[in-house]
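Presented below is the structure to which this report refers.
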Protein chains: 2
Amino acid sequence: MLQKANAQVSQANRHRPPSPTLQDVATAAGVSTATVSRCLNAPDRVVAKTREKVLRVVREMGYAPNFGAQALAAKRTNTIGAIIPTMENAIFARGLQAFQEELARHGLTLLVASSSYQPDLEEEQIRTLIARGADALLLIGFDRAQGVYDYLEKRGIPYVISWAHRGGSGPLAVGFDNRAAMRLLADKVFALGHEAVAVISAPVAQNDRARERVEAVQDAAAAAHGAGAAISIVEVPYAIENGARAMADLMAQTPRPTAVLCGNDVLAVGALARTRALGLDVPRDVSITGFDDIELAQIADPALTTVHVPHADMGREAASLIARLLSGGTGESVALETRIVMRGSLGPPGKP
Amino acid sequence: MLQKANAQVSQANRHRPPSPTLQDVATAAGVSTATVSRCLNAPDRVVAKTREKVLRVVREMGYAPNFGAQALAAKRTNTIGAIIPTMENAIFARGLQAFQEELARHGLTLLVASSSYQPDLEEEQIRTLIARGADALLLIGFDRAQGVYDYLEKRGIPYVISWAHRGGSGPLAVGFDNRAAMRLLADKVFALGHEAVAVISAPVAQNDRARERVEAVQDAAAAAHGAGAAISIVEVPYAIENGARAMADLMAQTPRPTAVLCGNDVLAVGALARTRALGLDVPRDVSITGFDDIELAQIADPALTTVHVPHADMGREAASLIARLLSGGTGESVALETRIVMRGSLGPPGKP
DNA sequence: TTGTAGGCGTTATCAT
DNA sequence: ATGATAACGCCTACAA
């Protein structure tokens with residue numbers, strides 16, 4: 001029997017035995033609070049015999065340190081805050097999961113907040129997390145007001161940028177070069193002979209990842225067909241249905257694009273579904289590509305040609321970088337490699 | 001210009017102006033710390049003139065209360081912990097997002113942990129979150145060791161179960177009746193004339209939602225074809241690829257099922273993709289259904305017949321219930337309605 | 001309405 | 001190696 005049948009009495013206002021304090025443990029073990037504290041935080045500074053006795057009492061009483069008191073006295077919380085644009089799609093889920101697992105390995109707890117892709121909300125969340133005692137922050141991408149960076153520096157809060165990376169100096173970052181990754185893919189598209197190329201992107205304002213991906217396509221177009229080459233760009237928030245709608249618009253254009261590069265797999269899957277619903281064939285009538293290589297990309301039909309991003313590595317690396325910074329060490333930015341995954345959704349332009 | 005070009009000096013060990021304390025504000029405003037505290041926590045207990053002056057100083061100095069001190073003195077953290085089975089798929093994302101937004105509206109912060117569908121890990125996370133001062137918890141489903149419930153009651157931590165609901169007494173829950181929901185769908189399947197029916201489910205051990213869904217199909221089978229009616233059941237962890245593999249196995253059975261009910265949309269989408277890869281037609285050769293109605297269900301081809309779950313409502317309701325409990329109020333469980341969404345993936349069994 | 005002062009539970013310094 | 005004890009920053013009776 002796993003279920004519980006007691007009534008709805010979970011109100012907070014019932015009698016409740018207070019949890020044991022350090023003092024309680026000390027008294028029970030016949031030592032001072034200082035010794036108990038040491039047993040817990042610096043076991044080697046206490047003789048084995050004492051330590052064993054104390055730790056036994058700790059277990060017996062089910063003692064757990066009071067978080068607030070600990071934070072107050074130690075001036076750290078072992079909490080890392082992460083502000084991600086959204087929890088609503090899978091893009092960030094895997095990376096965040098790995099981030100959390102690696103943090104846990106270092107005794108750190110993750111505190112997540114989401115900004116809904118809104119800069120002012122992000123700023124608010126940053127302040128909230130810091131107020132909540134976050135020892136360090138994980139932020140997505142570089143784009144944010146200078147004032148935010150100033151604030152972080154002023155407060156001395158270590159932070160790491162993820163999901164993006166640039167050469168040269170700047171904030172610590174663990175990520176990949178969005179521009180270079182998309183450029184590689186776009187070059188392949190143009191090399192196949194496509195001329196009428198379109199892009200479905202997330203809104204590029206305040207979003208360096210999205211912007212660099214779009215610019216990479218423009219650069220590739222210029223390289224392939226000269227500076228005059230114009231490509232259609234549609235900006236819509238990340239969502240399957242938005243990808244579908246954007247695709248419908250593009251397919252109504254004249255001349256119709258023969259290849260549509262999407263800012264991520266979610267948009268691409270939506271575009272793919274709508275294309276087929278319109279009775280068009282992929283890739284014969286139009287090629288479609290994605291970005292991220294989430295699981296969905298493989299089971300799409302045809303499977304999605306996309307840019308593989310090592311999300312889990314990224315989360316893990318970011319976490320261990322933060323752990324290093326927190327333990328007083330120094331850190332360096334990490335550039336992760338992406339790679340193009342060729343699947344069925346990209347082909348040469350069909351003959352008209 | 002939004003970028004920042006200073007070098008990698010974000011170590012924690014630099015000179016840093018300490019953030020202002022309540023005392024600093026009090027001194028600057030020429031009042032006592034008690035007055036400042038009241039201005040912040042009980043503004044109506046301070047005369048307007050004083051309050052304005054104090055709040056202005058608060059703003060000017062950029063004062064923010066120290067979390068640890070606040071928690072220590074007030075014995076609450078305004079933090080709600082949520083332990084979800086996984087962040088890796090979209091099932092929980094939307095509900096959690098809504099949960100967080102509603103919490104924020106009540107001045108509460110969300111702390112998320114994931115259990116990876118492992119009961120012992122869930123227990124550990126519960127203790128961690130409580131140790132970190134969570135004022136209340138959100139848990140998914142009913143299945144967990146009695147000891148966990150005892151612990152929560154002993155510590156007096158309010159908690160709410162979500163993603164599931166049962167009539168009668170028991171822990172407070174905001175969710176829906178998994179069994180009834182799946183039963184409705186299964187009845188429709190049998191009403192169409194299907195006899196060889198199979199189920200692809202998440203592992204049912206320690207997962208009441210999955211188990212009740214499977215049992216509902218069994219009940220429906222018994223109701224339609226008598227107690228002897230046997231249905232194939234495959235248990236695999238939630239993942240697109242697992243759904244695909246399970247489907248391949250089922251399609252190799254003799255007699256081949258004419259309808260496969262999946263425990264959620266993720267499994268169903270995988271099953272759907274594999275079915276088509278095998279050259280079979282859905283729903284002519286085999287019908288497939290899902291559960292949850294995530295966005296993916298609509299763009300699958302054919303679109304997925306599934307059970308629509310009001311994830312966002314669920315998160316919102318759970319959050320406001322918790323807020324009510326915390327403010328000393330009483331609360332009641334909330335049963336949310338699900339509904340069957342008929343789409344193209346379910347049809348009558350094809351003629352052999 | 002405002003101020004005073006004690007206490008929350010831990011850490012860490014300084015003695016012993 | 002261990003024990004006193006002073007912070008840490010805020011809240012909240014209680015007093016004025």
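Just remember, in the structure tokens the first chain shown is A, the second B, etc., residues are 1-based per chain, and ligands are 1-based in the order shown.
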
Sorted per-residue table, segment 100-172 of chain B near segment 309-322 of chain B, closest atoms and distance, 10 Å, only C-alpha atoms, as a tab-separated table:
```
residue	atom	partner	partner_atom	distance
B:Gln100	CA	B:Ala319	CA	7.5
B:Glu101	CA	B:Arg316	CA	7.7
B:Glu102	CA	B:Arg316	CA	5.6
B:Leu103	CA	B:Ala319	CA	5.5
B:Ala104	CA	B:Ala319	CA	9.2
B:Arg105	CA	B:Ser320	CA	9.2
B:His106	CA	B:Ser320	CA	8.0
B:Leu108	CA	B:Ala319	CA	9.3
B:Leu110	CA	B:Ala319	CA	9.9
B:Asp135	CA	B:Ile322	CA	9.5
B:Ala136	CA	B:Ile322	CA	7.2
B:Leu137	CA	B:Ile322	CA	8.3
B:Leu138	CA	B:Ala318	CA	7.9
B:Pro158	CA	B:Ile322	CA	7.8
B:Tyr159	CA	B:Ile322	CA	7.5
B:Val160	CA	B:Ala318	CA	7.1
B:Ile161	CA	B:Ala318	CA	8.3
B:Ser162	CA	B:Ala318	CA	7.1
B:Trp163	CA	B:Met314	CA	7.5
B:Ala164	CA	B:Met314	CA	9.8
B:Leu172	CA	B:Leu321	CA	9.1
```

Expected answer as an MDAnalysis selection string: strand (DSSP E) residues in segment 104-269 of chain B: chainID B and resid 109:114 136:140 159:162 173:175 197:201 232:235 259:262

Distance criterion (only C-alpha atoms (C1' of nucleotides)): nearest to chain D out of A:Ile340, A:Ala205, A:Leu278, A:Val47: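 For chain D, the nearest of the candidates is A:Val47.
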
Spatial neighbours of DC11 of chain D, 12 Å, only C-alpha atoms (C1' of nucleotides), chain gap at least 5 places, as a list of chain:residue names: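 Surrounding residues, per the criterion: B:Leu22, B:Thr33, B:Ala34, B:Thr35, B:Val36, B:Ser37, B:Arg38, B:Leu40, B:Asn41, B:Ala42, B:Pro65, B:Ala69, B:Gln70, B:Ala71, B:Leu72, B:Ala73, B:Ala74, B:Lys75, B:Arg76, C:DA5, C:DG6, C:DG7, C:DC8.
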
Would you write out, as a tab-separated table, a table of all residues in chain C that have an atom no more than 7 Å from an atom of chain B, listing for each the closest atom pair and the distance in Å to one decimal, considering only C-alpha atoms (C1' of nucleotides) and ordering rows by chain and rising residue number?
```
residue	atom	partner	partner_atom	distance
C:DT1	C1'	B:Val46	CA	6.6
C:DT2	C1'	B:Thr35	CA	6.9
C:DG3	C1'	B:Ser32	CA	6.3
C:DC8	C1'	B:Ala73	CA	5.0
```

Writing out the chosen residues with N, CA and C atoms (P, O5', C5', C4', C3', O3' and C1' of nucleotides) as a PDB file, in the first residue's frame:
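Below you can see part23.pdb, which holds the result:
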```pdb
ATOM      1  P    DT C   1      -1.094  54.687  13.559  1.00  0.00           P
ATOM      2  O5'  DT C   1       0.344  55.294  13.605  1.00  0.00           O
ATOM      3  C5'  DT C   1       0.701  56.520  13.076  1.00  0.00           C
ATOM      4  C4'  DT C   1       1.997  56.868  13.730  1.00  0.00           C
ATOM      5  C3'  DT C   1       3.208  56.161  13.083  1.00  0.00           C
ATOM      6  O3'  DT C   1       4.204  57.143  12.869  1.00  0.00           O
ATOM      7  C1'  DT C   1       3.185  55.738  15.420  1.00  0.00           C
ATOM      8  P    DT C   2       5.510  56.842  12.126  1.00  0.00           P
ATOM      9  O5'  DT C   2       6.467  56.301  13.271  1.00  0.00           O
ATOM     10  C5'  DT C   2       7.124  57.248  14.106  1.00  0.00           C
ATOM     11  C4'  DT C   2       7.824  56.528  15.223  1.00  0.00           C
ATOM     12  C3'  DT C   2       9.060  55.711  14.828  1.00  0.00           C
ATOM     13  O3'  DT C   2      10.203  56.408  15.291  1.00  0.00           O
ATOM     14  C1'  DT C   2       7.758  54.637  16.496  1.00  0.00           C
ATOM     15  P    DG C   3      11.639  55.790  14.984  1.00  0.00           P
ATOM     16  O5'  DG C   3      11.995  55.090  16.371  1.00  0.00           O
ATOM     17  C5'  DG C   3      11.969  55.877  17.548  1.00  0.00           C
ATOM     18  C4'  DG C   3      12.318  55.020  18.744  1.00  0.00           C
ATOM     19  C3'  DG C   3      13.630  54.240  18.612  1.00  0.00           C
ATOM     20  O3'  DG C   3      14.322  54.331  19.849  1.00  0.00           O
ATOM     21  C1'  DG C   3      11.849  52.746  19.066  1.00  0.00           C
ATOM     22  P    DC C   8      15.710  31.773  20.345  1.00  0.00           P
ATOM     23  O5'  DC C   8      15.693  31.450  18.787  1.00  0.00           O
ATOM     24  C5'  DC C   8      14.534  31.690  17.989  1.00  0.00           C
ATOM     25  C4'  DC C   8      14.978  31.800  16.549  1.00  0.00           C
ATOM     26  C3'  DC C   8      16.137  30.861  16.210  1.00  0.00           C
ATOM     27  O3'  DC C   8      15.610  29.654  15.662  1.00  0.00           O
ATOM     28  C1'  DC C   8      16.433  33.079  15.280  1.00  0.00           C
TER      29       DC C   8
END
```

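Rounded to one decimal, atom C1' of DA4 of chain D and atom CA of Arg51 of chain A lie 19.8 Å from each other.
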